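Coordinates as given in data_22.txt (compact mmCIF, C-alpha atoms):
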# COMPACT_ATOMS: atom_id res chain seq x y z
CA MET A 1 25.36 -41.18 -57.91
CA ASN A 2 26.53 -41.28 -54.31
CA ARG A 3 28.16 -37.87 -54.71
CA LYS A 4 24.97 -36.34 -56.10
CA PHE A 5 22.94 -37.88 -53.28
CA GLY A 6 25.46 -36.57 -50.73
CA ARG A 7 25.31 -33.08 -52.23
CA LEU A 8 21.51 -33.20 -52.14
CA LYS A 9 21.59 -34.17 -48.46
CA ASP A 10 24.02 -31.33 -47.71
CA THR A 11 21.81 -28.86 -49.57
CA LEU A 12 18.66 -30.02 -47.78
CA GLY A 13 20.44 -29.85 -44.45
CA PHE A 14 21.70 -26.34 -45.19
CA VAL A 15 18.20 -25.22 -46.21
CA GLN A 16 16.70 -26.74 -43.06
CA ILE A 17 19.24 -25.01 -40.83
CA GLY A 18 18.71 -21.70 -42.63
CA LEU A 19 14.92 -21.93 -42.34
CA SER A 20 15.17 -22.78 -38.64
CA ALA A 21 17.39 -19.77 -38.06
CA LEU A 22 15.06 -17.49 -40.03
CA VAL A 23 12.00 -18.71 -38.11
CA THR A 24 13.75 -18.20 -34.76
CA ILE A 25 15.00 -14.74 -35.67
CA GLY A 26 11.61 -13.85 -37.16
CA ILE A 27 9.71 -14.82 -34.00
CA LEU A 28 12.17 -12.93 -31.80
CA GLY A 29 12.01 -9.88 -34.07
CA LEU A 30 8.20 -9.97 -34.07
CA ILE A 31 8.06 -10.11 -30.26
CA LEU A 32 10.55 -7.27 -29.86
CA TYR A 33 8.81 -5.18 -32.53
CA TYR A 34 5.42 -5.64 -30.86
CA ILE A 35 6.74 -4.79 -27.38
CA LEU A 36 8.63 -1.72 -28.55
CA LEU A 37 5.74 -0.60 -30.77
CA LYS A 38 3.33 -0.75 -27.84
CA GLY A 39 5.72 0.45 -25.16
CA ILE A 40 7.95 3.22 -26.52
CA PRO A 41 5.10 5.70 -27.24
CA ASN A 42 4.13 5.47 -23.56
CA ILE A 43 7.63 6.12 -22.22
CA SER A 44 8.29 9.65 -21.05
CA TRP A 45 11.03 11.37 -19.10
CA GLY A 46 8.72 11.65 -16.12
CA PHE A 47 7.90 7.95 -16.33
CA LEU A 48 11.62 7.12 -16.05
CA THR A 49 12.65 9.68 -13.43
CA THR A 50 9.79 9.81 -10.92
CA GLY A 51 8.80 7.36 -8.23
CA PHE A 52 5.55 5.48 -7.92
CA ASP A 53 2.73 7.24 -6.10
CA SER A 54 -1.03 7.65 -6.29
CA GLU A 55 -0.79 10.50 -8.82
CA TYR A 56 2.00 9.35 -11.12
CA HIS A 57 3.10 5.79 -11.74
CA GLY A 58 6.79 6.40 -12.43
CA ILE A 59 9.29 3.54 -12.38
CA ALA A 60 12.53 5.28 -11.29
CA ASP A 61 12.65 3.41 -7.96
CA ILE A 62 11.69 0.14 -9.64
CA LEU A 63 14.34 0.56 -12.32
CA LEU A 64 17.06 1.21 -9.73
CA THR A 65 15.88 -1.77 -7.66
CA THR A 66 16.23 -3.98 -10.73
CA ILE A 67 19.80 -2.77 -11.28
CA PHE A 68 20.61 -3.39 -7.59
CA ILE A 69 19.22 -6.93 -7.78
CA ILE A 70 21.31 -7.62 -10.90
CA GLY A 71 24.46 -6.32 -9.20
CA ILE A 72 23.92 -8.26 -5.96
CA THR A 73 23.20 -11.49 -7.81
CA LEU A 74 26.23 -11.23 -10.10
CA VAL A 75 28.56 -10.34 -7.22
CA ILE A 76 27.48 -13.52 -5.44
CA ALA A 77 27.02 -15.93 -8.35
CA VAL A 78 29.83 -15.11 -10.80
CA PRO A 79 32.82 -15.81 -8.50
CA ILE A 80 31.22 -18.99 -7.13
CA GLY A 81 30.17 -20.21 -10.57
CA VAL A 82 33.49 -19.47 -12.27
CA PHE A 83 35.61 -21.06 -9.54
CA ALA A 84 33.31 -24.08 -9.41
CA ALA A 85 33.74 -24.50 -13.17
CA ILE A 86 37.52 -24.13 -12.81
CA TYR A 87 37.57 -26.86 -10.19
CA LEU A 88 35.45 -29.24 -12.24
CA SER A 89 37.41 -28.58 -15.43
CA GLU A 90 41.00 -28.15 -14.21
CA TYR A 91 41.42 -29.74 -10.79
CA ALA A 92 38.76 -32.39 -10.09
CA LYS A 93 39.63 -35.99 -10.81
CA GLN A 94 37.28 -37.03 -13.61
CA GLY A 95 35.14 -39.89 -12.44
CA ARG A 96 31.76 -40.92 -11.10
CA ILE A 97 31.55 -38.17 -8.48
CA VAL A 98 32.25 -35.43 -11.02
CA ARG A 99 29.69 -36.92 -13.40
CA ILE A 100 27.11 -36.91 -10.59
CA ILE A 101 27.94 -33.26 -9.82
CA ARG A 102 27.56 -32.28 -13.48
CA PHE A 103 24.27 -34.18 -13.72
CA SER A 104 23.02 -32.40 -10.59
CA ILE A 105 23.99 -29.00 -12.02
CA GLU A 106 22.16 -29.74 -15.28
CA SER A 107 19.13 -30.92 -13.30
CA LEU A 108 19.10 -27.69 -11.29
CA ALA A 109 18.96 -25.72 -14.55
CA GLY A 110 15.61 -27.34 -15.36
CA ILE A 111 13.85 -26.66 -12.05
CA PRO A 112 10.99 -24.10 -12.33
CA SER A 113 11.81 -20.72 -10.84
CA ILE A 114 8.82 -20.90 -8.49
CA ILE A 115 10.58 -23.77 -6.68
CA TYR A 116 13.65 -21.57 -6.20
CA GLY A 117 11.36 -18.84 -4.91
CA LEU A 118 9.75 -21.21 -2.41
CA PHE A 119 13.16 -22.41 -1.24
CA GLY A 120 14.41 -18.83 -0.93
CA TYR A 121 11.33 -17.83 1.05
CA ILE A 122 11.68 -20.73 3.50
CA PHE A 123 15.48 -20.64 3.86
CA PHE A 124 16.58 -17.03 3.43
CA VAL A 125 13.46 -15.09 4.40
CA LEU A 126 12.21 -17.25 7.30
CA LEU A 127 15.00 -19.53 8.51
CA LEU A 128 17.93 -17.08 8.24
CA GLY A 129 15.72 -14.13 9.16
CA LEU A 130 16.73 -11.96 6.19
CA LYS A 131 13.04 -11.15 5.64
CA PHE A 132 11.82 -9.75 2.31
CA SER A 133 14.94 -7.96 1.10
CA LEU A 134 17.22 -7.43 -1.85
CA LEU A 135 19.75 -9.73 -0.18
CA SER A 136 17.23 -12.57 0.03
CA GLY A 137 16.35 -12.04 -3.62
CA GLY A 138 20.02 -11.87 -4.60
CA PHE A 139 20.87 -15.13 -2.82
CA THR A 140 17.89 -16.89 -4.39
CA LEU A 141 18.64 -15.64 -7.90
CA SER A 142 22.30 -16.59 -7.43
CA ILE A 143 21.32 -20.20 -6.89
CA LEU A 144 19.02 -19.97 -9.90
CA VAL A 145 21.72 -18.75 -12.33
CA LEU A 146 24.63 -20.81 -10.95
CA PRO A 147 23.97 -23.80 -13.27
CA THR A 148 24.13 -21.51 -16.32
CA ILE A 149 27.37 -19.88 -15.21
CA ILE A 150 29.06 -23.15 -14.22
CA ARG A 151 28.22 -25.09 -17.36
CA SER A 152 28.92 -22.21 -19.76
CA THR A 153 32.22 -21.39 -18.07
CA GLU A 154 33.26 -25.03 -18.05
CA GLU A 155 32.56 -25.32 -21.77
CA ALA A 156 34.51 -22.10 -22.39
CA LEU A 157 37.49 -23.49 -20.48
CA LYS A 158 37.41 -26.65 -22.57
CA THR A 159 37.77 -24.63 -25.77
CA VAL A 160 41.18 -23.28 -24.68
CA PRO A 161 43.83 -25.26 -26.61
CA LYS A 162 45.89 -27.55 -24.40
CA SER A 163 49.00 -26.31 -26.19
CA TYR A 164 48.58 -22.91 -24.49
CA LYS A 165 48.69 -24.46 -21.04
CA GLU A 166 51.44 -26.91 -21.94
CA ALA A 167 53.63 -24.12 -23.33
CA SER A 168 53.14 -22.02 -20.20
CA LEU A 169 53.95 -24.92 -17.88
CA ALA A 170 56.97 -25.86 -20.01
CA LEU A 171 58.36 -22.35 -19.52
CA GLY A 172 58.27 -22.84 -15.77
CA ALA A 173 55.01 -21.07 -14.92
CA SER A 174 53.01 -22.45 -12.04
CA ARG A 175 49.63 -24.04 -12.57
CA LEU A 176 47.88 -21.16 -10.81
CA TYR A 177 49.73 -18.55 -12.89
CA THR A 178 48.83 -20.43 -16.07
CA LEU A 179 45.20 -20.52 -14.99
CA PHE A 180 44.88 -16.77 -14.35
CA LYS A 181 47.19 -15.50 -17.08
CA ILE A 182 46.55 -17.95 -19.92
CA THR A 183 43.44 -20.08 -19.47
CA LEU A 184 40.94 -17.57 -18.06
CA PRO A 185 41.83 -14.72 -20.48
CA SER A 186 41.49 -17.14 -23.40
CA ALA A 187 38.07 -18.25 -22.13
CA LEU A 188 36.93 -14.72 -21.27
CA SER A 189 34.47 -14.46 -24.15
CA GLY A 190 32.64 -17.63 -23.10
CA ILE A 191 32.60 -16.57 -19.45
CA MET A 192 31.11 -13.18 -20.33
CA SER A 193 28.50 -14.94 -22.46
CA SER A 194 27.42 -16.88 -19.37
CA VAL A 195 27.15 -13.59 -17.45
CA ILE A 196 25.01 -12.09 -20.23
CA LEU A 197 22.70 -15.12 -20.17
CA SER A 198 22.47 -14.82 -16.39
CA VAL A 199 21.51 -11.15 -16.59
CA GLY A 200 18.69 -12.03 -18.98
CA ARG A 201 17.48 -14.69 -16.55
CA ILE A 202 17.70 -12.35 -13.56
CA VAL A 203 15.70 -9.47 -15.05
CA GLY A 204 13.07 -11.83 -16.42
CA GLU A 205 12.29 -13.57 -13.14
CA SER A 206 9.20 -12.62 -11.19
CA ALA A 207 8.10 -15.56 -9.02
CA ALA A 208 11.52 -16.09 -7.42
CA VAL A 209 11.81 -12.34 -6.77
CA PHE A 210 8.47 -11.39 -5.26
CA MET A 211 8.66 -14.41 -2.91
CA THR A 212 12.03 -13.22 -1.54
CA ALA A 213 12.63 -9.55 -2.36
CA GLY A 214 8.99 -8.54 -2.06
CA MET A 215 6.86 -6.08 -4.03
CA VAL A 216 7.35 -2.74 -2.26
CA TYR A 217 7.24 0.28 -4.60
CA ARG A 218 9.75 2.49 -2.80
CA LEU A 219 13.50 2.57 -3.39
CA PRO A 220 15.26 0.30 -0.87
CA GLY A 221 17.48 2.13 1.60
CA SER A 222 19.81 -0.86 1.91
CA ILE A 223 20.17 -4.46 0.74
CA MET A 224 18.10 -5.49 3.79
CA ASP A 225 15.04 -3.61 2.51
CA SER A 226 12.34 -4.92 0.23
CA GLY A 227 11.88 -3.74 -3.36
CA ARG A 228 10.14 -4.39 -6.66
CA THR A 229 11.85 -5.25 -9.94
CA LEU A 230 10.59 -4.43 -13.44
CA ALA A 231 9.45 -8.00 -14.11
CA VAL A 232 7.52 -8.13 -10.84
CA HIS A 233 6.04 -4.69 -11.58
CA MET A 234 4.84 -5.88 -14.98
CA PHE A 235 3.14 -8.88 -13.38
CA ALA A 236 1.63 -6.80 -10.59
CA SER A 237 0.48 -3.91 -12.78
CA ALA A 238 -1.32 -6.32 -15.10
CA ASN A 239 -3.19 -7.76 -12.11
CA GLU A 240 -3.78 -4.61 -10.06
CA GLY A 241 -5.90 -2.77 -12.60
CA PHE A 242 -3.24 -0.37 -13.89
CA SER A 243 -3.30 0.88 -17.43
CA PHE A 244 -1.92 -1.63 -19.93
CA ASP A 245 -0.03 1.28 -21.49
CA GLU A 246 2.11 1.39 -18.34
CA THR A 247 2.66 -2.36 -18.54
CA TRP A 248 3.81 -2.13 -22.16
CA ALA A 249 6.05 0.83 -21.30
CA THR A 250 7.62 -1.16 -18.46
CA ALA A 251 8.16 -4.12 -20.81
CA ALA A 252 9.89 -1.85 -23.35
CA VAL A 253 12.14 -0.39 -20.65
CA LEU A 254 13.03 -3.92 -19.54
CA VAL A 255 13.98 -4.94 -23.09
CA ILE A 256 16.07 -1.80 -23.58
CA LEU A 257 17.79 -2.31 -20.20
CA VAL A 258 18.78 -5.87 -21.14
CA ALA A 259 20.09 -4.67 -24.50
CA ILE A 260 22.18 -1.94 -22.86
CA ILE A 261 23.65 -4.37 -20.32
CA ASN A 262 24.46 -6.90 -23.06
CA LEU A 263 26.18 -4.25 -25.19
CA ALA A 264 28.15 -3.02 -22.18
CA ALA A 265 29.24 -6.57 -21.34
CA ARG A 266 30.38 -7.24 -24.91
CA LEU A 267 32.28 -3.93 -24.99
CA LEU A 268 33.96 -4.82 -21.70
CA THR A 269 34.86 -8.23 -23.11
CA ARG A 270 36.54 -6.64 -26.13
CA ILE A 271 38.48 -4.19 -23.97
CA LEU A 272 39.68 -6.91 -21.60
CA SER A 273 40.54 -9.26 -24.47
CA LYS A 274 42.68 -6.56 -26.10
CA LYS A 275 44.33 -5.81 -22.77
CA PHE A 276 45.21 -9.44 -22.16
CA SER A 277 46.41 -9.97 -25.74
CA MET A 278 48.68 -6.91 -25.42
CA GLY A 279 49.95 -8.27 -22.12
CA LYS A 280 50.80 -11.58 -23.75
CA GLY A 281 52.58 -9.80 -26.55

So, in terms of structure tokens, how does the structure I just supplied come out?
Amino acid sequence: MNRKFGRLKDTLGFVQIGLSALVTIGILGLILYYILLKGIPNISWGFLTTGFDSEYHGIADILLTTIFIIGITLVIAVPIGVFAAIYLSEYAKQGRIVRIIRFSIESLAGIPSIIYGLFGYIFFVLLLGLKFSLLSGGFTLSILVLPTIIRSTEEALKTVPKSYKEASLALGASRLYTLFKITLPSALSGIMSSVILSVGRIVGESAAVFMTAGMVYRLPGSIMDSGRTLAVHMFASANEGFSFDETWATAAVLVILVAIINLAARLLTRILSKKFSMGKG
């Protein structure tokens, strides 16, 4: 009787998990289908390759600005986030202080992006005098995605079997060598996953960007110039009386851009994983 009841519970649990997954995938698929259905017919070569002016509302400059913002943010946030996770996971003495730090990081992940935008505007734009610029936006977005990178990287490091590190240390390797040659390559997939999540967060932000990087249409001449990202352009175009066809087209381009970046990151992860595994062999 107990076995039958246990099997019934397992079956119900499996069905519940399956239904939850189907509902989640279904909602995501419906959103993507609707965006692409509305946006792709309005995408043209001219729309992608021309700048924004009074005659033609192209998004070439806006698309490049988005890519620049992604690059600046990742260059700042990834090294800081990964090394912070390494310290918390490998070097810090586990205790009350570390628990407080982890709690603070998790709390930062739940703060609305508009608060980050306000902080970035006051600190980077006004106090440091960086003005509305890609650099101000990059610094602000770096703070915004740091909790994701730190926590995801820390969890990835925890999944590396202790036997790997113990074997390396037993063979006479230093702790630093073991970290860079054994631990980090083994956790590479999880680290890249945190980068992919961060990219999705970066391209989807609007409030934190237009309060620090600005909303200028033209292509920035340097990281000290202002610019407009795709997410900000979607928000602005919907409120400035532009055609909704352009807004849907911009949304479709944004979705496709995220997909391309994710695929490229996963391909890079596979290449690096093979390289490291060959090196170990």

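From atom CA of Phe123 of chain A back to atom CA of Asn239 of chain A, the distance works out to 27.7 Å.
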
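For the pair atom CA of Phe235 of chain A and atom CA of Thr250 of chain A, the separation is 10.3 Å.
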
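The point (25.8, -18.3, -18.9) has these residues within 7 Å of it, counting all atoms listed in the file: Thr148, Ile149, Ser152, Ser193, Ser194, Val195, Ile196, Leu197 and Ser198 of chain A.
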
Close residues, Gly227 of chain A itself excluded, 12 Å, only C-alpha atoms, min 3 positions apart in chain, as a short mmCIF file (atom, residue, chain, number, x, y, z; two decimals) with C-alpha atoms, in the frame of the given file:
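New file result_16.cif:
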data_model
loop_
_atom_site.label_atom_id
_atom_site.label_comp_id
_atom_site.auth_asym_id
_atom_site.auth_seq_id
_atom_site.Cartn_x
_atom_site.Cartn_y
_atom_site.Cartn_z
CA ILE A 59 9.29 3.54 -12.38
CA ASP A 61 12.65 3.41 -7.96
CA ILE A 62 11.69 0.14 -9.64
CA LEU A 63 14.34 0.56 -12.32
CA LEU A 64 17.06 1.21 -9.73
CA THR A 65 15.88 -1.77 -7.66
CA THR A 66 16.23 -3.98 -10.73
CA ILE A 67 19.80 -2.77 -11.28
CA PHE A 68 20.61 -3.39 -7.59
CA ILE A 69 19.22 -6.93 -7.78
CA LYS A 131 13.04 -11.15 5.64
CA PHE A 132 11.82 -9.75 2.31
CA SER A 133 14.94 -7.96 1.10
CA LEU A 134 17.22 -7.43 -1.85
CA LEU A 135 19.75 -9.73 -0.18
CA SER A 136 17.23 -12.57 0.03
CA GLY A 137 16.35 -12.04 -3.62
CA GLY A 138 20.02 -11.87 -4.60
CA VAL A 209 11.81 -12.34 -6.77
CA PHE A 210 8.47 -11.39 -5.26
CA MET A 211 8.66 -14.41 -2.91
CA THR A 212 12.03 -13.22 -1.54
CA ALA A 213 12.63 -9.55 -2.36
CA GLY A 214 8.99 -8.54 -2.06
CA MET A 215 6.86 -6.08 -4.03
CA VAL A 216 7.35 -2.74 -2.26
CA TYR A 217 7.24 0.28 -4.60
CA ARG A 218 9.75 2.49 -2.80
CA LEU A 219 13.50 2.57 -3.39
CA PRO A 220 15.26 0.30 -0.87
CA GLY A 221 17.48 2.13 1.60
CA SER A 222 19.81 -0.86 1.91
CA ILE A 223 20.17 -4.46 0.74
CA MET A 224 18.10 -5.49 3.79
CA LEU A 230 10.59 -4.43 -13.44
CA ALA A 231 9.45 -8.00 -14.11
CA VAL A 232 7.52 -8.13 -10.84
CA HIS A 233 6.04 -4.69 -11.58
#

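What separates atom CA of Ile70 of chain A from atom CA of Ser273 of chain A is a distance of 23.6 Å.
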
Name all residues at most 10 Å from segment 96-103 of chain A (count all atoms listed in the file; drop same-chain ones fewer than 4 positions away) and give them as a PDB file with C-alpha atoms, in the coordinates of the input.
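Listing of around29.pdb after writing:
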ATOM      1  CA  ALA A  85      33.740 -24.500 -13.170  1.00  0.00           C
ATOM      2  CA  LEU A  88      35.450 -29.240 -12.240  1.00  0.00           C
ATOM      3  CA  SER A  89      37.410 -28.580 -15.430  1.00  0.00           C
ATOM      4  CA  ALA A  92      38.760 -32.390 -10.090  1.00  0.00           C
ATOM      5  CA  SER A 107      19.130 -30.920 -13.300  1.00  0.00           C
ATOM      6  CA  LEU A 108      19.100 -27.690 -11.290  1.00  0.00           C
ATOM      7  CA  PRO A 147      23.970 -23.800 -13.270  1.00  0.00           C
ATOM      8  CA  ILE A 150      29.060 -23.150 -14.220  1.00  0.00           C
ATOM      9  CA  ARG A 151      28.220 -25.090 -17.360  1.00  0.00           C
TER      10      ARG A 151
END
